[in-house]
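Text of coords_22.txt, listed as compact mmCIF, C-alpha atoms and all ligand atoms:
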```txt
# COMPACT_ATOMS: atom_id res chain seq x y z
CA MET K 1 0.00 0.00 0.00
CA SER K 2 1.27 3.45 -0.76
CA VAL K 3 0.07 6.85 0.33
CA GLN K 4 -2.49 7.83 2.91
CA PHE K 5 -5.11 10.51 2.62
CA VAL K 6 -8.73 11.37 3.05
CA VAL K 7 -10.49 12.36 -0.16
CA THR K 8 -13.32 14.67 -1.04
CA PRO K 9 -14.68 15.31 -4.57
CA VAL K 10 -12.46 17.60 -6.63
CA HIS K 11 -13.88 20.00 -9.18
CA LEU K 12 -12.59 18.90 -12.52
CA SER K 13 -13.09 22.20 -14.29
CA PHE K 14 -9.67 23.56 -13.28
CA LYS K 15 -7.34 24.02 -16.27
CA GLU K 16 -7.31 20.81 -18.29
CA SER K 17 -10.18 18.59 -17.20
CA ILE K 18 -8.91 15.38 -15.64
CA LEU K 19 -11.78 13.62 -17.44
CA THR K 20 -10.19 14.46 -20.79
CA LYS K 21 -7.03 12.78 -19.56
CA ILE K 22 -8.94 9.71 -18.39
CA GLN K 23 -10.32 9.10 -21.83
CA LYS K 24 -6.74 8.71 -23.07
CA LEU K 25 -5.74 6.36 -20.25
CA PRO K 26 -5.81 2.56 -20.14
CA HIS K 27 -8.16 0.72 -17.79
CA LYS K 28 -7.26 0.13 -14.14
CA ASN K 29 -8.34 -3.02 -12.30
CA LEU K 30 -10.60 -2.51 -9.34
CA VAL K 31 -12.08 -4.99 -6.88
CA LEU K 32 -15.27 -3.64 -5.32
CA GLY K 33 -15.78 -5.24 -1.90
CA ILE K 34 -19.38 -4.94 -0.74
CA CYS K 35 -20.25 -5.44 2.93
CA GLY K 36 -23.63 -6.03 4.52
CA GLY K 37 -25.06 -2.57 5.06
CA ILE K 38 -28.22 -1.06 3.61
CA ALA K 39 -26.12 1.21 1.35
CA ALA K 40 -25.16 -1.98 -0.55
CA TYR K 41 -28.28 -1.38 -2.64
CA LYS K 42 -26.42 1.55 -4.30
CA CYS K 43 -23.63 -0.73 -5.52
CA ALA K 44 -25.17 -1.64 -8.88
CA ASP K 45 -25.05 2.04 -9.76
CA LEU K 46 -21.56 2.31 -8.24
CA VAL K 47 -20.27 -0.46 -10.54
CA ARG K 48 -21.70 1.35 -13.59
CA ARG K 49 -20.16 4.67 -12.53
CA LEU K 50 -16.77 3.05 -11.90
CA LYS K 51 -16.86 1.46 -15.35
CA GLU K 52 -17.63 4.87 -16.85
CA GLN K 53 -14.44 6.09 -15.17
CA ASN K 54 -12.35 3.42 -16.95
CA PHE K 55 -12.17 0.84 -14.19
CA ASP K 56 -12.49 -2.85 -14.93
CA VAL K 57 -14.59 -3.93 -11.94
CA ARG K 58 -14.82 -7.32 -10.24
CA VAL K 59 -17.14 -7.66 -7.28
CA VAL K 60 -16.46 -9.44 -3.99
CA MET K 61 -19.33 -9.69 -1.51
CA THR K 62 -19.46 -10.65 2.15
CA GLN K 63 -22.19 -13.11 3.14
CA ALA K 64 -24.20 -10.31 4.78
CA ALA K 65 -24.00 -8.15 1.64
CA LYS K 66 -26.08 -10.74 -0.21
CA GLU K 67 -28.97 -9.92 2.13
CA PHE K 68 -29.13 -6.45 0.60
CA ILE K 69 -28.38 -6.93 -3.11
CA THR K 70 -28.16 -10.08 -5.23
CA PRO K 71 -24.92 -11.36 -6.77
CA MET K 72 -26.88 -11.75 -10.04
CA THR K 73 -27.47 -7.98 -10.26
CA LEU K 74 -23.79 -7.26 -9.71
CA GLN K 75 -22.71 -9.93 -12.17
CA ALA K 76 -24.97 -8.35 -14.79
CA VAL K 77 -23.63 -4.81 -14.28
CA SER K 78 -19.96 -5.75 -13.85
CA GLY K 79 -19.96 -8.34 -16.64
CA HIS K 80 -18.00 -10.80 -14.44
CA PRO K 81 -18.93 -13.55 -11.97
CA VAL K 82 -19.24 -12.30 -8.39
CA HIS K 83 -16.86 -13.74 -5.79
CA SER K 84 -17.91 -14.38 -2.22
CA GLU K 85 -16.74 -17.80 -1.02
CA LEU K 86 -13.24 -18.33 0.31
CA PHE K 87 -13.46 -22.04 -0.34
CA ASP K 88 -15.09 -22.34 -3.74
CA ALA K 89 -13.27 -24.80 -5.97
CA GLU K 90 -14.99 -23.60 -9.14
CA MET K 91 -14.22 -19.94 -8.53
CA GLU K 92 -10.66 -20.69 -7.44
CA ALA K 93 -10.16 -22.54 -10.73
CA ALA K 94 -11.35 -19.46 -12.66
CA MET K 95 -9.60 -16.70 -10.68
CA GLY K 96 -8.48 -17.60 -7.18
CA HIS K 97 -8.32 -15.10 -4.35
CA ILE K 98 -4.53 -14.77 -4.59
CA GLU K 99 -4.78 -14.15 -8.32
CA LEU K 100 -7.61 -11.66 -7.78
CA GLY K 101 -5.42 -9.83 -5.26
CA LYS K 102 -2.57 -9.65 -7.78
CA TRP K 103 -4.94 -8.53 -10.55
CA ALA K 104 -6.30 -5.58 -8.55
CA ASP K 105 -4.73 -2.12 -8.75
CA TYR K 106 -7.32 -0.87 -6.25
CA ILE K 107 -9.62 -2.50 -3.70
CA LEU K 108 -12.59 -0.27 -2.92
CA ILE K 109 -14.69 -1.40 0.03
CA ALA K 110 -18.09 0.28 -0.19
CA PRO K 111 -20.11 0.20 1.92
CA ALA K 112 -17.50 -0.72 4.55
CA THR K 113 -19.24 -1.85 7.74
CA ALA K 114 -17.90 -1.32 11.27
CA ASN K 115 -17.32 -5.08 11.41
CA THR K 116 -15.17 -5.30 8.28
CA ILE K 117 -13.29 -2.14 9.30
CA ALA K 118 -12.46 -3.73 12.67
CA LYS K 119 -11.29 -6.89 10.90
CA LEU K 120 -9.06 -4.89 8.55
CA VAL K 121 -7.43 -3.13 11.51
CA HIS K 122 -6.44 -6.44 13.06
CA GLY K 123 -5.52 -8.28 9.87
CA GLU K 124 -8.26 -10.87 10.27
CA ALA K 125 -8.86 -13.06 7.26
CA ASN K 126 -11.98 -15.10 7.89
CA ASP K 127 -13.82 -14.30 4.65
CA LEU K 128 -12.88 -13.74 1.03
CA LEU K 129 -12.79 -9.94 1.21
CA THR K 130 -10.51 -9.61 4.25
CA THR K 131 -8.27 -12.42 2.96
CA LEU K 132 -8.00 -10.66 -0.36
CA VAL K 133 -6.94 -7.40 1.30
CA LEU K 134 -4.14 -9.19 3.14
CA ALA K 135 -3.05 -11.03 0.02
CA SER K 136 -2.89 -7.95 -2.21
CA GLN K 137 -0.53 -5.05 -2.73
CA ALA K 138 -3.36 -2.97 -4.18
CA GLN K 139 -4.19 0.41 -2.68
CA VAL K 140 -7.21 -0.10 -0.41
CA ILE K 141 -9.91 2.56 -0.21
CA VAL K 142 -12.76 2.32 2.30
CA ALA K 143 -16.09 4.12 2.15
CA PRO K 144 -17.66 3.44 5.56
CA ALA K 145 -21.45 3.53 5.85
CA MET K 146 -23.30 2.83 9.05
CA ASN K 147 -25.66 4.21 11.67
CA GLN K 148 -24.44 7.59 12.95
CA GLN K 149 -24.03 6.27 16.51
CA MET K 150 -21.90 3.34 15.28
CA TRP K 151 -19.81 5.77 13.22
CA SER K 152 -19.17 8.16 16.13
CA ASN K 153 -18.44 5.30 18.53
CA ALA K 154 -14.93 5.75 19.98
CA THR K 155 -13.85 2.25 18.89
CA THR K 156 -14.91 2.83 15.29
CA GLN K 157 -13.14 6.19 15.25
CA GLN K 158 -9.97 4.63 16.66
CA ASN K 159 -10.19 1.86 14.04
CA ILE K 160 -10.50 4.47 11.29
CA LYS K 161 -7.40 6.27 12.59
CA ASN K 162 -5.52 2.97 12.59
CA LEU K 163 -6.62 2.21 9.02
CA ILE K 164 -5.38 5.60 7.85
CA GLN K 165 -2.08 4.95 9.59
CA GLN K 166 -1.86 1.62 7.76
CA GLY K 167 -2.05 3.53 4.47
CA ILE K 168 -5.69 2.86 3.64
CA ILE K 169 -7.52 5.76 1.98
CA LEU K 170 -10.71 6.88 3.68
CA ILE K 171 -13.69 8.23 1.78
CA GLU K 172 -15.53 10.08 4.51
CA PRO K 173 -19.20 9.21 5.00
CA ALA K 174 -21.76 11.87 4.18
CA SER K 175 -24.27 13.34 6.58
CA GLY K 176 -28.08 13.25 6.33
CA VAL K 177 -31.15 11.14 7.01
CA GLN K 178 -30.26 7.47 7.47
CA ALA K 179 -32.20 4.32 6.51
CA CYS K 180 -32.91 3.70 10.22
CA GLY K 181 -34.45 7.19 10.56
CA ASP K 182 -31.49 8.70 12.45
CA VAL K 183 -29.95 11.90 11.16
CA GLY K 184 -26.17 12.29 11.19
CA VAL K 185 -22.87 11.24 9.67
CA GLY K 186 -22.68 7.72 8.26
CA ARG K 187 -24.29 7.71 4.82
CA MET K 188 -22.37 6.27 1.90
CA PRO K 189 -21.60 9.14 -0.54
CA GLU K 190 -23.41 9.03 -3.89
CA PRO K 191 -21.98 6.46 -6.34
CA ALA K 192 -21.05 9.15 -8.89
CA ASP K 193 -19.06 11.03 -6.23
CA ILE K 194 -17.23 7.88 -5.12
CA ALA K 195 -16.39 7.02 -8.74
CA ASN K 196 -15.07 10.57 -9.27
CA MET K 197 -12.89 10.28 -6.18
CA LEU K 198 -11.51 6.95 -7.38
CA ALA K 199 -10.74 8.44 -10.77
CA ASP K 200 -9.01 11.26 -9.00
CA ILE K 201 -6.85 8.82 -7.04
CA ALA K 202 -6.09 6.45 -9.91
CA PHE K 203 -5.69 8.84 -12.79
CA GLN K 204 -4.11 11.82 -11.06
CA PRO K 205 -1.41 13.04 -13.43
CA GLN K 206 2.02 12.36 -11.89
CA THR K 207 3.05 15.98 -12.39
CA LEU K 208 5.65 15.92 -9.62
CA LYS K 209 7.07 12.45 -10.20
CA SER K 210 10.61 12.11 -8.73
CA LYS K 211 10.56 15.69 -7.37
CA HIS K 212 11.42 16.30 -3.72
CA ILE K 213 9.01 18.75 -2.17
CA VAL K 214 9.56 20.25 1.27
CA ILE K 215 6.49 21.71 2.97
CA THR K 216 6.31 23.65 6.23
CA ALA K 217 2.96 23.53 8.00
CA GLY K 218 1.12 24.51 11.16
CA PRO K 219 2.07 27.16 13.70
CA THR K 220 5.32 27.58 15.55
CA VAL K 221 5.21 27.73 19.31
CA GLU K 222 7.67 30.04 21.08
CA PRO K 223 8.11 29.33 24.80
CA ILE K 224 8.08 32.19 27.30
CA ASP K 225 8.67 30.03 30.37
CA PRO K 226 8.07 26.31 31.17
CA VAL K 227 4.29 26.71 30.92
CA ARG K 228 3.57 29.70 28.65
CA PHE K 229 4.14 30.35 24.98
CA LEU K 230 3.45 32.62 21.98
CA SER K 231 1.70 31.05 19.00
CA ASN K 232 -1.22 31.44 16.57
CA HIS K 233 -4.38 29.67 15.39
CA SER K 234 -2.88 27.82 12.41
CA SER K 235 -4.43 24.31 12.20
CA GLY K 236 -1.95 22.82 9.72
CA LYS K 237 -4.86 21.71 7.48
CA MET K 238 -3.66 23.56 4.36
CA GLY K 239 -0.07 22.33 4.65
CA TYR K 240 -1.18 18.75 5.31
CA ALA K 241 -3.59 18.92 2.33
CA LEU K 242 -0.68 20.10 0.16
CA ALA K 243 1.41 17.18 1.38
CA ARG K 244 -1.38 14.74 0.43
CA ALA K 245 -1.83 16.32 -2.99
CA ALA K 246 1.93 16.25 -3.60
CA LEU K 247 2.04 12.53 -2.71
CA GLN K 248 -0.80 11.92 -5.16
CA ALA K 249 1.15 13.78 -7.82
CA GLY K 250 4.07 11.39 -7.32
CA ALA K 251 6.40 13.66 -5.31
CA LYS K 252 8.75 12.62 -2.52
CA VAL K 253 7.45 14.66 0.41
CA THR K 254 9.18 16.06 3.49
CA LEU K 255 6.67 17.66 5.84
CA ILE K 256 8.07 19.91 8.55
CA SER K 257 5.29 20.64 10.99
CA GLY K 258 4.68 22.70 14.08
CA PRO K 259 2.34 21.30 16.77
CA VAL K 260 -1.16 20.57 15.40
CA ASN K 261 -4.11 18.39 16.36
CA ILE K 262 -4.58 16.55 13.08
CA GLN K 263 -3.20 13.26 11.82
CA PRO K 264 -0.15 13.69 9.56
CA PRO K 265 -0.29 12.08 6.11
CA LYS K 266 2.09 9.19 5.49
CA VAL K 267 4.83 11.26 3.87
CA ASP K 268 8.38 10.10 3.10
CA THR K 269 9.81 12.19 5.96
CA PHE K 270 7.87 13.85 8.75
CA ILE K 271 9.77 16.29 10.96
CA SER K 272 8.02 17.54 14.05
CA VAL K 273 9.23 20.91 15.35
CA THR K 274 8.10 23.43 17.92
CA THR K 275 9.88 26.74 17.38
CA ALA K 276 10.67 28.81 14.27
CA SER K 277 14.35 28.27 14.88
CA GLN K 278 13.88 24.45 14.87
CA MET K 279 11.80 24.75 11.68
CA PHE K 280 14.55 26.83 10.08
CA ASP K 281 17.20 24.20 11.00
CA ALA K 282 15.08 21.43 9.43
CA VAL K 283 14.59 23.48 6.24
CA LYS K 284 18.34 24.19 6.00
CA GLN K 285 19.19 20.53 6.52
CA ASN K 286 16.97 19.57 3.59
CA PHE K 287 17.85 22.53 1.37
CA ASP K 288 20.37 20.76 -0.92
CA GLN K 289 17.83 18.08 -1.88
CA THR K 290 14.82 20.39 -2.28
CA ASP K 291 13.27 20.81 -5.75
CA ILE K 292 10.15 22.61 -4.54
CA PHE K 293 9.70 24.47 -1.26
CA ILE K 294 6.26 25.42 0.05
CA GLY K 295 6.21 27.66 3.11
CA CYS K 296 2.72 27.12 4.42
CA ALA K 297 3.55 27.37 8.12
CA ALA K 298 2.34 30.32 10.12
CA VAL K 299 5.75 31.04 11.57
CA ALA K 300 5.64 33.29 14.62
CA ASP K 301 7.30 36.55 13.64
CA TYR K 302 8.74 37.07 17.12
CA ALA K 303 9.98 34.90 19.96
CA PRO K 304 10.75 35.89 23.56
CA ASP K 305 14.29 37.21 23.75
CA LYS K 306 15.00 34.93 26.70
CA VAL K 307 13.07 31.85 27.82
CA SER K 308 12.68 31.97 31.58
CA GLU K 309 13.84 28.71 33.15
CA GLN K 310 11.33 29.09 35.98
CA LYS K 311 7.64 29.93 35.73
CA ILE K 312 7.32 33.75 35.79
CA LYS K 313 5.59 34.73 39.02
CA LYS K 314 2.49 36.91 39.10
CA LYS K 315 3.34 40.24 40.74
CA GLY K 316 0.15 42.19 40.11
CA GLU K 317 1.96 44.88 38.11
CA GLN K 318 2.76 45.43 34.42
CA ILE K 319 5.64 43.45 33.02
CA ASN K 320 7.52 43.81 29.75
CA LEU K 321 8.16 40.88 27.48
CA LEU K 322 11.10 41.59 25.20
CA LEU K 323 10.68 39.90 21.80
CA LYS K 324 13.31 39.23 19.15
CA PRO K 325 12.49 38.68 15.46
CA ASN K 326 12.42 35.09 14.25
CA PRO K 327 14.29 34.07 11.10
CA ASP K 328 12.18 34.54 7.95
CA ILE K 329 12.54 30.99 6.68
CA ILE K 330 11.04 31.39 3.24
CA SER K 331 13.03 34.57 2.56
CA TRP K 332 16.19 32.66 3.30
CA VAL K 333 15.18 29.89 0.86
CA GLY K 334 13.98 32.37 -1.79
CA ASN K 335 17.17 34.39 -1.68
CA GLN K 336 19.66 31.53 -2.02
CA LYS K 337 21.65 31.31 -5.26
CA ASP K 338 20.56 27.80 -6.29
CA LYS K 339 17.06 28.09 -4.93
CA PRO K 340 14.29 25.57 -5.55
CA PHE K 341 10.86 26.54 -6.91
CA VAL K 342 9.53 28.54 -3.95
CA VAL K 343 5.86 28.88 -3.03
CA GLY K 344 4.71 31.13 -0.20
CA PHE K 345 1.44 31.91 1.50
CA ALA K 346 0.11 35.26 2.59
CA ALA K 347 -2.74 35.65 5.05
CA GLU K 348 -3.88 39.24 4.71
CA SER K 349 -6.62 41.24 6.39
CA GLU K 350 -6.38 44.17 3.90
CA HIS K 351 -4.89 45.07 0.48
CA LEU K 352 -4.63 41.38 -0.43
CA GLN K 353 -3.15 41.80 -3.90
CA GLN K 354 -0.64 44.56 -3.15
CA ASN K 355 0.65 42.89 0.02
CA ALA K 356 0.93 39.53 -1.73
CA ILE K 357 2.93 41.02 -4.63
CA LYS K 358 5.25 42.76 -2.16
CA LYS K 359 5.90 39.45 -0.39
CA LEU K 360 6.36 37.62 -3.68
CA LYS K 361 9.15 40.05 -4.62
CA THR K 362 10.91 40.57 -1.30
CA LYS K 363 10.90 36.91 -0.33
CA GLY K 364 12.12 35.70 -3.75
CA LEU K 365 9.03 33.56 -4.44
CA ASN K 366 7.97 31.92 -7.70
CA LEU K 367 4.34 31.71 -6.61
CA ILE K 368 2.30 33.18 -3.77
CA CYS K 369 -1.06 31.94 -2.51
CA ALA K 370 -2.87 34.78 -0.79
CA ASN K 371 -6.02 34.56 1.26
CA ASP K 372 -8.15 37.27 2.76
CA ILE K 373 -8.48 36.38 6.44
CA SER K 374 -11.10 39.10 7.00
CA GLN K 375 -13.61 36.91 5.08
CA PRO K 376 -15.71 34.70 7.37
CA GLY K 377 -15.28 30.93 7.04
CA VAL K 378 -11.98 30.90 5.15
CA GLY K 379 -8.33 30.64 6.07
CA PHE K 380 -6.97 29.95 9.55
CA ASN K 381 -8.45 26.98 11.38
CA SER K 382 -11.20 26.58 8.78
CA SER K 383 -11.59 23.57 6.45
CA SER K 384 -12.08 25.76 3.40
CA ASN K 385 -10.22 28.61 1.80
CA ARG K 386 -10.32 31.08 -1.11
CA ILE K 387 -6.97 31.76 -2.69
CA LEU K 388 -5.53 34.29 -5.09
CA MET K 389 -2.45 32.76 -6.76
CA ILE K 390 0.08 35.22 -8.20
CA ASP K 391 3.19 34.04 -10.03
CA ASP K 392 6.50 35.81 -10.67
CA ASN K 393 5.17 37.20 -13.98
CA LEU K 394 2.37 38.71 -11.88
CA ASP K 395 -0.19 36.47 -13.63
CA GLU K 396 -3.13 35.89 -11.32
CA THR K 397 -5.50 32.94 -10.84
CA LEU K 398 -8.38 33.11 -8.39
CA LEU K 399 -9.28 29.81 -6.75
CA GLU K 400 -12.85 30.22 -5.51
CA THR K 401 -13.90 29.02 -2.02
CA ASP K 402 -13.39 25.28 -1.79
CA SER K 403 -12.13 22.63 0.61
CA LYS K 404 -8.44 22.85 1.46
CA ASP K 405 -7.98 19.39 -0.11
CA ASN K 406 -9.35 20.53 -3.46
CA LEU K 407 -7.43 23.80 -3.37
CA ALA K 408 -4.24 21.91 -2.56
CA LYS K 409 -4.73 19.72 -5.65
CA LYS K 410 -5.13 22.82 -7.81
CA ILE K 411 -2.03 24.47 -6.31
CA ILE K 412 0.04 21.31 -6.81
CA PHE K 413 -1.26 21.04 -10.37
CA GLU K 414 -0.22 24.66 -11.01
CA ILE K 415 3.26 24.05 -9.55
CA GLY K 416 3.60 20.91 -11.71
CA SER K 417 2.69 22.76 -14.88
CA LYS K 418 5.09 25.62 -14.08
CA ILE K 419 7.97 23.24 -13.41
CA ILE K 420 7.42 21.39 -16.69
CA ASN K 421 7.28 24.66 -18.71
O1 LIG W 1 5.54 37.83 6.02
P1 LIG W 1 4.48 36.81 6.28
O2 LIG W 1 4.69 36.07 7.56
O3 LIG W 1 3.09 37.31 6.17
O4 LIG W 1 4.67 35.77 5.06
C1 LIG W 1 4.03 34.56 5.00
C2 LIG W 1 4.89 33.58 4.26
O5 LIG W 1 6.21 33.58 4.76
C3 LIG W 1 4.40 32.15 4.43
O6 LIG W 1 4.74 31.43 3.27
C4 LIG W 1 5.19 31.69 5.64
O7 LIG W 1 5.28 30.27 5.69
C5 LIG W 1 6.52 32.35 5.43
N1 LIG W 1 7.26 32.72 6.63
C6 LIG W 1 8.44 32.10 6.94
N2 LIG W 1 9.17 32.47 8.03
C7 LIG W 1 8.74 33.48 8.81
C8 LIG W 1 7.53 34.13 8.52
C9 LIG W 1 6.82 33.72 7.44
O8 LIG W 1 8.84 31.16 6.24
N3 LIG W 1 9.45 33.83 9.86
```

Would it be possible to restate this file's structure as structure tokens?
Amino acid sequence: MSVQFVVTPVHLSFKESILTKIQKLPHKNLVLGICGGIAAYKCADLVRRLKEQNFDVRVVMTQAAKEFITPMTLQAVSGHPVHSELFDAEMEAAMGHIELGKWADYILIAPATANTIAKLVHGEANDLLTTLVLASQAQVIVAPAMNQQMWSNATTQQNIKNLIQQGIILIEPASGVQACGDVGVGRMPEPADIANMLADIAFQPQTLKSKHIVITAGPTVEPIDPVRFLSNHSSGKMGYALARAALQAGAKVTLISGPVNIQPPKVDTFISVTTASQMFDAVKQNFDQTDIFIGCAAVADYAPDKVSEQKIKKKGEQINLLLKPNPDIISWVGNQKDKPFVVGFAAESEHLQQNAIKKLKTKGLNLICANDISQPGVGFNSSSNRILMIDDNLDETLLETDSKDNLAKKIIFEIGSKIIN
């Protein structure tokens, strides 16, 4: 299994439509594993949509799945016999489970039940589907669907975290009215959306293949004394989304991150730092092997001049905290002689364009991604953003409000096309 990420639908209208590329691409082999949840009824449509996206689909069903949709329906839509028995001499003679595992480029489990998810976490292999997963090198993608209470259960959530850590891609369940009448998160996304996401994963152009990209992300935390610090609200979501998109585009990724509360993607090298000065050291250490540098971290501009060894006592009167400027990491990178392709971010509360252009020039950037933090719902700590990209020819591209994952894909695509040209 290769990279790890959580996917959401990407808008294909950006620059060259990925769909146009798909039409030129050969088929990819996909095993669709169907578990016993009510959403299984959507799988006939899912098979059709996957075939439209150039996947050759073979279906594997758990015993419980057959209670919700018949193998005959899935055989008719996939055009292949449906597999469900681990010990079926006839099937094994046609295409055995080991062979099926080797054949697959992707194993999509949709709907993935809490039970099968738990089995995957522990490497159980007591039915055809779980055995197949263990016996295959294919990238596994799970689309969980279950009652909202089962989904939010702490054990399920821990299992999901473990799966992501194992390198399995998660397609997050949608929210809404459930078959049982509950309302909440746990619905299987629409088949067309899942098929689009799969196409996105399988047919993503490898625009950054064999490039080493170094990304800084999250805040820096500057200690004042053993218990207090200076920092900011950066969540790390944008930097982590860029790391995921870069992995998808075939890059070797080094992610240098300040303290955040989100799960890091499974990058080639993950370096955890606290202060700006530690982040700067990590960037310098990697500099010689960096082809692309993205400074997405919200680096604290100042740090306390001296860190007090003991907790500063309350005295009931004003105190002064002397601050010293932190190194400007991206400026250092952008002003080196043999610099990589340098991409910076600018969070601005006024004069977005002018301030971004000023930073682009003074910091020696090739591309700047500016966002207006005065707009509600975008930027810091939010899951979505709206970005104005300006390159070193001062050409501008506005990326309308979208999820950070989708924006990251567009930014990585833009970097890829600039590096090739
Ligand atoms: O000057 P300002 O902090 O607004 O610029 C933001 C850009 O500069 C971001 O790309 C950020 O990662 C980078 N930066 C840096 N080191 C600093 C401050 C900002 O790399 N000390």

- Item | Polymer residues at most 10 Å from (-0.9, 32.8, 14.5) by all atoms listed in the file, as a list in words |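 All residues meeting the 10 Å criterion around (-0.9, 32.8, 14.5) are Gly218, Pro219, Thr220, Val221, Leu230, Ser231, Asn232, His233, Ser234, Ser235, Ala297, Ala298, Val299, Ala300, Asp301 and Phe380 of chain K.
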
- For segment 237-239 of chain K: contacts at 7 Å, all atoms listed in the file, fewer than 2 positions along chain excluded, given as a list in words: Ile215, Thr216, Ala217, Gly218, Ser235, Ala241, Leu242, Ala243, Cys296 and Lys404 of chain K

- Item | Shortest interatomic distance to Pro71 of chain K - which of K:Ala246, K:Ala40, K:Ile213, K:Ile420, counting only C-alpha atoms | K:Ala40

- Message: ligand LIG 1 (chain W): which residues are within 10 Å, counting all atoms listed in the file? Reply as a ChimeraX atom specification.
- Response: /K:215-220,239,276-277,279-280,283,293-302,325-334,342-348,355-356,358-360,362-363,365,367-370

Expected file: the selected residues, C-alpha atoms, as a PDB file, in the coordinates of the input:
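In the end it all went to selection_3.pdb:
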```pdb
ATOM      1  CA  ILE K 215       6.490  21.710   2.970  1.00  0.00           C
ATOM      2  CA  THR K 216       6.310  23.650   6.230  1.00  0.00           C
ATOM      3  CA  ALA K 217       2.960  23.530   8.000  1.00  0.00           C
ATOM      4  CA  GLY K 218       1.120  24.510  11.160  1.00  0.00           C
ATOM      5  CA  PRO K 219       2.070  27.160  13.700  1.00  0.00           C
ATOM      6  CA  THR K 220       5.320  27.580  15.550  1.00  0.00           C
ATOM      7  CA  GLY K 239      -0.070  22.330   4.650  1.00  0.00           C
ATOM      8  CA  ALA K 276      10.670  28.810  14.270  1.00  0.00           C
ATOM      9  CA  SER K 277      14.350  28.270  14.880  1.00  0.00           C
ATOM     10  CA  MET K 279      11.800  24.750  11.680  1.00  0.00           C
ATOM     11  CA  PHE K 280      14.550  26.830  10.080  1.00  0.00           C
ATOM     12  CA  VAL K 283      14.590  23.480   6.240  1.00  0.00           C
ATOM     13  CA  PHE K 293       9.700  24.470  -1.260  1.00  0.00           C
ATOM     14  CA  ILE K 294       6.260  25.420   0.050  1.00  0.00           C
ATOM     15  CA  GLY K 295       6.210  27.660   3.110  1.00  0.00           C
ATOM     16  CA  CYS K 296       2.720  27.120   4.420  1.00  0.00           C
ATOM     17  CA  ALA K 297       3.550  27.370   8.120  1.00  0.00           C
ATOM     18  CA  ALA K 298       2.340  30.320  10.120  1.00  0.00           C
ATOM     19  CA  VAL K 299       5.750  31.040  11.570  1.00  0.00           C
ATOM     20  CA  ALA K 300       5.640  33.290  14.620  1.00  0.00           C
ATOM     21  CA  ASP K 301       7.300  36.550  13.640  1.00  0.00           C
ATOM     22  CA  TYR K 302       8.740  37.070  17.120  1.00  0.00           C
ATOM     23  CA  PRO K 325      12.490  38.680  15.460  1.00  0.00           C
ATOM     24  CA  ASN K 326      12.420  35.090  14.250  1.00  0.00           C
ATOM     25  CA  PRO K 327      14.290  34.070  11.100  1.00  0.00           C
ATOM     26  CA  ASP K 328      12.180  34.540   7.950  1.00  0.00           C
ATOM     27  CA  ILE K 329      12.540  30.990   6.680  1.00  0.00           C
ATOM     28  CA  ILE K 330      11.040  31.390   3.240  1.00  0.00           C
ATOM     29  CA  SER K 331      13.030  34.570   2.560  1.00  0.00           C
ATOM     30  CA  TRP K 332      16.190  32.660   3.300  1.00  0.00           C
ATOM     31  CA  VAL K 333      15.180  29.890   0.860  1.00  0.00           C
ATOM     32  CA  GLY K 334      13.980  32.370  -1.790  1.00  0.00           C
ATOM     33  CA  VAL K 342       9.530  28.540  -3.950  1.00  0.00           C
ATOM     34  CA  VAL K 343       5.860  28.880  -3.030  1.00  0.00           C
ATOM     35  CA  GLY K 344       4.710  31.130  -0.200  1.00  0.00           C
ATOM     36  CA  PHE K 345       1.440  31.910   1.500  1.00  0.00           C
ATOM     37  CA  ALA K 346       0.110  35.260   2.590  1.00  0.00           C
ATOM     38  CA  ALA K 347      -2.740  35.650   5.050  1.00  0.00           C
ATOM     39  CA  GLU K 348      -3.880  39.240   4.710  1.00  0.00           C
ATOM     40  CA  ASN K 355       0.650  42.890   0.020  1.00  0.00           C
ATOM     41  CA  ALA K 356       0.930  39.530  -1.730  1.00  0.00           C
ATOM     42  CA  LYS K 358       5.250  42.760  -2.160  1.00  0.00           C
ATOM     43  CA  LYS K 359       5.900  39.450  -0.390  1.00  0.00           C
ATOM     44  CA  LEU K 360       6.360  37.620  -3.680  1.00  0.00           C
ATOM     45  CA  THR K 362      10.910  40.570  -1.300  1.00  0.00           C
ATOM     46  CA  LYS K 363      10.900  36.910  -0.330  1.00  0.00           C
ATOM     47  CA  LEU K 365       9.030  33.560  -4.440  1.00  0.00           C
ATOM     48  CA  LEU K 367       4.340  31.710  -6.610  1.00  0.00           C
ATOM     49  CA  ILE K 368       2.300  33.180  -3.770  1.00  0.00           C
ATOM     50  CA  CYS K 369      -1.060  31.940  -2.510  1.00  0.00           C
ATOM     51  CA  ALA K 370      -2.870  34.780  -0.790  1.00  0.00           C
TER      52      ALA K 370
END
```

- Query: Interatomic distance between atom CA of Tyr41 of chain K and atom CA of Asp193 of chain K?
  - Reply: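 Between these atoms lies a distance of 15.9 Å.
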